[in-house]
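Novice: Pasting a structure here, questions to come.
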Amino acid sequence: MNLRHLIYICVAGLLALLQEVFFSAVDLFGMARVFVYPFLLLLLPVALSQMSMLAYGFGTGILVDILCGTPGLHTATFTSTAFMRRYIARLFLDKNEPETLPPCMGNMGVRFLLFPALLCLWHVGWLSAIDACSLFSPLYLLKRWLAGSLLTYLFMVLLYYLIPYNKSN
Amino acid sequence: MHKLFAFLFSKLHWLVFVVLEVVALVWLFNERLYQRSIGLFSTNVVVGHIQTLSSELQSYMDLREANKQLLAENAALESKYLWLERAYARAAADTVRPLAAIPDSLLHRQSFDFRTARVVSYNDTNLNNHFTIDCGRDNGIRPDMPVMSATGVVGIVSVVSERYSVVIPLINPNLRLSCRVLGKGYVGSLRRVDADSRSTALLSDIPRHALIDVGDTIVTSGYSYTFPANLPVGYVSGTKNRKSGRASVLSIDGSEGVRVNLATDFDRLRFVYVMLIDPQAEVQAPEAGQSPKSKP
């Protein structure tokens with residue numbers, strides 16, 4: 001295991017801790033929740049293998065679930081989001097762009113702003129659906145989905161600009 | 001095969017993804033009460049539908065076997081029903097006492113033993129008709145025994161095997177039966193002459209001066225080794241002669257006589273009664289100077 005992976009694991013642990021300590025209680029207007037740990041997906045290189053992505057997604061999800069007391073919910077959601085990241089990222093990457101970098105403005109351009117939006121929509125959508133388990137109130141579910149996605153997206157973009165990491169060649 | 005493995009290996013992450021998702025969802029649905037209840041409900045609904053479908057499919061697939069069983073059961077019941085029907089018919093036939101003798105003060109009464117038999121086949125080809133009954137030597141049937149129906153004479157036992165006998169009926173044109181007009185004493189010979197009718201015969205060879213009326217009863221005359229006297233054979237039918245008011249005399253195939261409606265309905269003959277007597281032995285025994293019972 002090289003140092004880079006160790007850093008990613010630590011970051012994942014930190015994000016999970018942040019989620020539990022600061023953001024698990026956030027529920028704006030009873031609808032909008034914020035999830036910070038998906039930010040990890042912006043840090044990992046696009047070229048990272050799917051098996052590694054699954055491992056990161058599953059591991060981080062378990063950590064969040066253990067800390068937040070939501071057994072399986074974040075694990076299932078974040079595993080699927082991590083798995084889908086590559087497919088979503090390819091929508092915004094040019095063919096000749098190197099995939100060694102994480103998704104960023106450098107390799108995606110302005111389209112990068114859409115990338116976390118899709119990730120958030122996917123993640124929060126799955127999470128809300130699994131959490132609700134049935135469409136007993138589709139409108140409420142839609143509101144929670146969109147509000148949660150928006151809030152999470154804003155946080156991700158905020159963190160992207162606030163945290164210094166390798167974003168370009 | 002190598003390509004298949006390579007393909008599967010290239011898609012391994014999908015398999016791992018599915019496994020991890022399943023693990024996470026199982027964890028979720030096992031630990032959280034709400035999800036568990038939803039899961040149980042959904043599972044019950046889904047499983048219920050699947051089980052219903054499966055059950056219906058299984059039922060459909062089992063129809064062939066069920067059909068076989070039903071057919072076998074039906075065959076068994078049919079067989080049982082036929083057996084019961086035959087047993088009932090035989091039991092009912094056994095309760096019938098054939099009109100074995102018309103009382104005649106001039107003759108002594110005779111009592112006869114009968115063996116009830118079922119008609120198992122009837123052959124009516126070229127008028128050489130005969131039928132088979134389900135009693136034979138084992139049942140005490142011997143050749144030349146008279147055969148009766150519940151209403152009159154049927155015929156004569158011709159050939160006997162262990163379990164079956166062939167009977168030559170009255171409507172066999174080759175059979176001639178000596179008959180008598182009851183109460184008047186005229187004797188004639190009865191035989192079938194009309195190929196189209198199995199219910200009539202012609203009583204011929206009667207004296208020209210005989211006064212026979214329509215409705216007169218015809219019985220066996222007793223002038224035969226086979227039939228005892230006074231067994232009912234039929235009734236004089238046909239039209240009345242305008243002048244005499246008697247039964248019209250017909251001339252058929254060179255024979256003159258009166259038409260007789262046979263007492264036995266040969267079209268509906270199901271059971272017959274074989275008279276367990278051996279008239280020939282009785283007649284021949286005195287001639288041979290021995291007891292009739294000593295003859296086998």
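The chains in the structure tokens are called A, B, ... from first to last as shown; in each chain the residues are counted from 1, and the ligands are counted from 1 in the order shown.
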Please find the residues of chain A near chain B - the criterion being any atom within 6 Å, counting only C-alpha atoms - and write them as a list in words.

Specialist: Met51, Pro71, Gly72, Leu73, Thr75 and Ala76 of chain A

Novice: May I have the selected residues written with all heavy atoms, as a short mmCIF file (atom, residue, chain, number, x, y, z; two decimals), in the first residue's frame?

Specialist:
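After the write, selection-v4.cif holds the following:
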data_model
loop_
_atom_site.label_atom_id
_atom_site.label_comp_id
_atom_site.auth_asym_id
_atom_site.auth_seq_id
_atom_site.Cartn_x
_atom_site.Cartn_y
_atom_site.Cartn_z
N MET A 51 -12.27 -1.76 -8.80
CA MET A 51 -12.19 -2.53 -7.56
C MET A 51 -11.73 -1.65 -6.40
O MET A 51 -12.27 -1.74 -5.29
CB MET A 51 -11.20 -3.71 -7.74
CG MET A 51 -11.65 -4.70 -8.80
SD MET A 51 -13.17 -5.52 -8.34
CE MET A 51 -12.51 -6.98 -7.63
N PRO A 71 -26.85 1.59 10.04
CA PRO A 71 -26.26 0.37 9.47
C PRO A 71 -26.69 0.12 8.02
O PRO A 71 -27.86 -0.03 7.74
CB PRO A 71 -26.77 -0.74 10.38
CG PRO A 71 -27.95 -0.17 11.06
CD PRO A 71 -27.71 1.29 11.17
N GLY A 72 -25.69 0.12 7.14
CA GLY A 72 -25.92 -0.28 5.75
C GLY A 72 -26.36 0.82 4.82
O GLY A 72 -26.20 0.70 3.61
N LEU A 73 -26.93 1.87 5.37
CA LEU A 73 -27.51 2.90 4.51
C LEU A 73 -26.45 3.62 3.67
O LEU A 73 -26.53 3.64 2.43
CB LEU A 73 -28.26 3.91 5.39
CG LEU A 73 -28.94 5.06 4.65
CD1 LEU A 73 -30.07 4.54 3.78
CD2 LEU A 73 -29.49 6.09 5.64
N THR A 75 -23.35 2.72 3.40
CA THR A 75 -22.51 1.72 2.72
C THR A 75 -23.08 1.40 1.35
O THR A 75 -22.36 1.42 0.34
CB THR A 75 -22.45 0.42 3.56
OG1 THR A 75 -22.11 0.75 4.89
CG2 THR A 75 -21.43 -0.54 3.00
N ALA A 76 -24.37 1.10 1.34
CA ALA A 76 -25.02 0.76 0.06
C ALA A 76 -24.96 1.93 -0.90
O ALA A 76 -24.64 1.77 -2.09
CB ALA A 76 -26.47 0.34 0.31
#

Novice: Neighbours of Arg142 (chain B) within 8 Å (only C-alpha atoms; same-chain residues fewer than 6 positions away dropped), as number ranges by chain?

Specialist: B: 136, 157, 160, 278

Novice: Write out as a count of residues only each polymer residue whose atoms come within 7 Å of Gln19 (chain A), counting only C-alpha atoms; drop sequence neighbours fewer than 3 positions from it.

Specialist: 8

Novice: Expressed in Å to a single decimal, how great is the separation between CA of Leu48 (chain A) and CA of Pro103 (chain A)?

Specialist: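 Those two atoms sit 11.3 Å apart.
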
Novice: Determine which residues of region 37-274 of chain B DSSP labels as alpha helix (DSSP H) from the backbone of this structure, then write them out as a ChimeraX atom specification.

Specialist: /B:37-94

Novice: Write out as a list in words each polymer residue whose atoms come within 6 Å of region 261-271 of chain B, counting only C-alpha atoms; drop sequence neighbours fewer than 4 positions from it.

Specialist: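 After dropping sequence-adjacent residues, the list is Ala117, Arg118, Val119, Thr151, Gly152, Ser199, Thr200, Val233, Gly234, Tyr235 and Ser237 of chain B.
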
Novice: Can you spit out the residues from that selection as a CSV table (one decimal), in the first residue's frame, using N, CA and C atoms?

Specialist:
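Written out: part27.csv:
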chain,number,residue,atom,x,y,z
B,117,ALA,N,-78.3,-66.8,-17.6
B,117,ALA,CA,-77.1,-66.5,-18.4
B,117,ALA,C,-77.2,-65.2,-19.1
B,118,ARG,N,-76.1,-64.6,-19.3
B,118,ARG,CA,-76.1,-63.3,-20.0
B,118,ARG,C,-75.7,-63.5,-21.5
B,119,VAL,N,-76.4,-62.8,-22.4
B,119,VAL,CA,-76.0,-62.9,-23.8
B,119,VAL,C,-74.8,-62.1,-24.0
B,151,THR,N,-90.3,-64.3,-21.1
B,151,THR,CA,-91.6,-64.3,-21.7
B,151,THR,C,-91.9,-65.5,-22.6
B,152,GLY,N,-90.8,-66.2,-23.0
B,152,GLY,CA,-91.1,-67.3,-23.9
B,152,GLY,C,-89.9,-68.1,-24.4
B,199,SER,N,-89.4,-60.6,-35.1
B,199,SER,CA,-90.4,-60.8,-34.1
B,199,SER,C,-91.5,-61.7,-34.5
B,200,THR,N,-91.5,-62.1,-35.8
B,200,THR,CA,-92.6,-62.9,-36.2
B,200,THR,C,-92.1,-64.2,-36.9
B,233,VAL,N,-94.6,-69.7,-26.8
B,233,VAL,CA,-93.8,-69.4,-28.0
B,233,VAL,C,-94.2,-68.0,-28.5
B,234,GLY,N,-95.5,-67.8,-28.6
B,234,GLY,CA,-96.0,-66.5,-29.2
B,234,GLY,C,-97.5,-66.5,-29.2
B,235,TYR,N,-98.0,-65.5,-30.0
B,235,TYR,CA,-99.4,-65.3,-30.1
B,235,TYR,C,-99.7,-65.1,-31.6
B,237,SER,N,-101.0,-63.6,-34.8
B,237,SER,CA,-101.2,-62.2,-35.1
B,237,SER,C,-101.8,-62.1,-36.6

Novice: Rounded to one decimal, what separation in Å do you get between CA of Val46 (chain A) and CA of Leu6 (chain A)?

Specialist: 17.3 Å

Novice: Compile the contact shell of region 251-259 of chain B as a ChimeraX atom specification: residues with an atom at most 6 Å away, counting only C-alpha atoms, same-chain residues fewer than 3 positions apart removed.

Specialist: /B:201-204,236-238

Novice: For the residues selected in the previous step, produce a file with N, CA and C atoms as a tab-separated table (two decimals), in the first residue's frame.

Specialist:
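Contents of result.tsv, as written:
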chain	number	residue	atom	x	y	z
B	201	ALA	N	-93.00	-65.20	-36.88
B	201	ALA	CA	-92.69	-66.50	-37.49
B	201	ALA	C	-93.99	-67.02	-38.09
B	202	LEU	N	-93.86	-68.11	-38.80
B	202	LEU	CA	-95.04	-68.69	-39.45
B	202	LEU	C	-95.32	-70.05	-38.85
B	203	LEU	N	-96.58	-70.22	-38.40
B	203	LEU	CA	-96.99	-71.54	-37.90
B	203	LEU	C	-97.68	-72.26	-39.06
B	204	SER	N	-96.99	-73.22	-39.60
B	204	SER	CA	-97.52	-73.91	-40.78
B	204	SER	C	-97.84	-75.37	-40.46
B	236	VAL	N	-100.89	-65.65	-31.99
B	236	VAL	CA	-101.30	-65.52	-33.39
B	236	VAL	C	-101.59	-64.05	-33.69
B	237	SER	N	-101.03	-63.58	-34.78
B	237	SER	CA	-101.25	-62.18	-35.15
B	237	SER	C	-101.76	-62.13	-36.58
B	238	GLY	N	-101.60	-61.01	-37.23
B	238	GLY	CA	-102.06	-60.87	-38.60
B	238	GLY	C	-103.47	-60.34	-38.66

Novice: Need the shell around Ser189 (chain B): protein/DNA/RNA residues with any atom at most 8 Å away, counting only C-alpha atoms. Skip same-chain ones fewer than 2 positions apart. Format as a list in words?

Specialist: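 Close residues of Ser189 (chain B): Arg176, Leu177, Ser178, Cys179, Val187, Arg191, Leu202, Leu203, Ser204, Asp205 and Ile206 of chain B.
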
Novice: Calculate how many Å separate CA of Gly155 (chain B) from CA of Arg192 (chain B), rounding to one decimal.

Specialist: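 Going from CA of Gly155 (chain B) over to CA of Arg192 (chain B) covers 12.3 Å.
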
Novice: Name the closest residue to Thr81 (chain A) among the candidates A:Leu17, A:Val110, A:Ile62, A:Leu54; distances are taken between atoms, counting only C-alpha atoms.

Specialist: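 Answer, going by the shortest atom-to-atom distance: A:Leu54.
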
Novice: Write out as an mmCIF file with C-alpha atoms, in the first residue's frame which residues come within 10 Å of Phe227 (chain B) when counting only C-alpha atoms, dropping same-chain ones fewer than 2 positions away.

Specialist:
data_model
loop_
_atom_site.group_PDB
_atom_site.id
_atom_site.type_symbol
_atom_site.label_atom_id
_atom_site.label_comp_id
_atom_site.auth_asym_id
_atom_site.auth_seq_id
_atom_site.Cartn_x
_atom_site.Cartn_y
_atom_site.Cartn_z
ATOM 1 C CA ASP B 144 -79.928 -79.446 -26.676
ATOM 2 C CA MET B 145 -81.084 -77.816 -23.475
ATOM 3 C CA PRO B 146 -84.032 -75.460 -24.023
ATOM 4 C CA VAL B 147 -83.395 -71.780 -23.540
ATOM 5 C CA VAL B 153 -88.976 -69.776 -25.812
ATOM 6 C CA GLY B 155 -83.930 -71.457 -28.657
ATOM 7 C CA ILE B 156 -81.753 -74.487 -28.127
ATOM 8 C CA LEU B 177 -90.290 -76.010 -33.624
ATOM 9 C CA SER B 178 -93.313 -78.146 -33.119
ATOM 10 C CA CYS B 179 -96.017 -75.980 -31.606
ATOM 11 C CA THR B 220 -94.601 -75.958 -27.543
ATOM 12 C CA SER B 221 -96.340 -79.150 -28.405
ATOM 13 C CA GLY B 222 -94.027 -81.480 -26.542
ATOM 14 C CA TYR B 223 -93.480 -83.508 -29.714
ATOM 15 C CA SER B 224 -89.824 -82.905 -29.424
ATOM 16 C CA TYR B 225 -86.874 -84.348 -27.570
ATOM 17 C CA ALA B 229 -94.861 -79.129 -23.703
ATOM 18 C CA ASN B 230 -96.634 -75.873 -23.002
ATOM 19 C CA LEU B 231 -93.683 -73.492 -23.108
ATOM 20 C CA MET B 275 -83.677 -75.059 -18.509
ATOM 21 C CA ILE B 277 -83.227 -80.623 -18.193
ATOM 22 C CA ASP B 278 -82.086 -83.187 -20.652
ATOM 23 C CA PRO B 279 -85.262 -84.226 -22.425
ATOM 24 C CA GLN B 280 -83.446 -86.370 -24.900
#
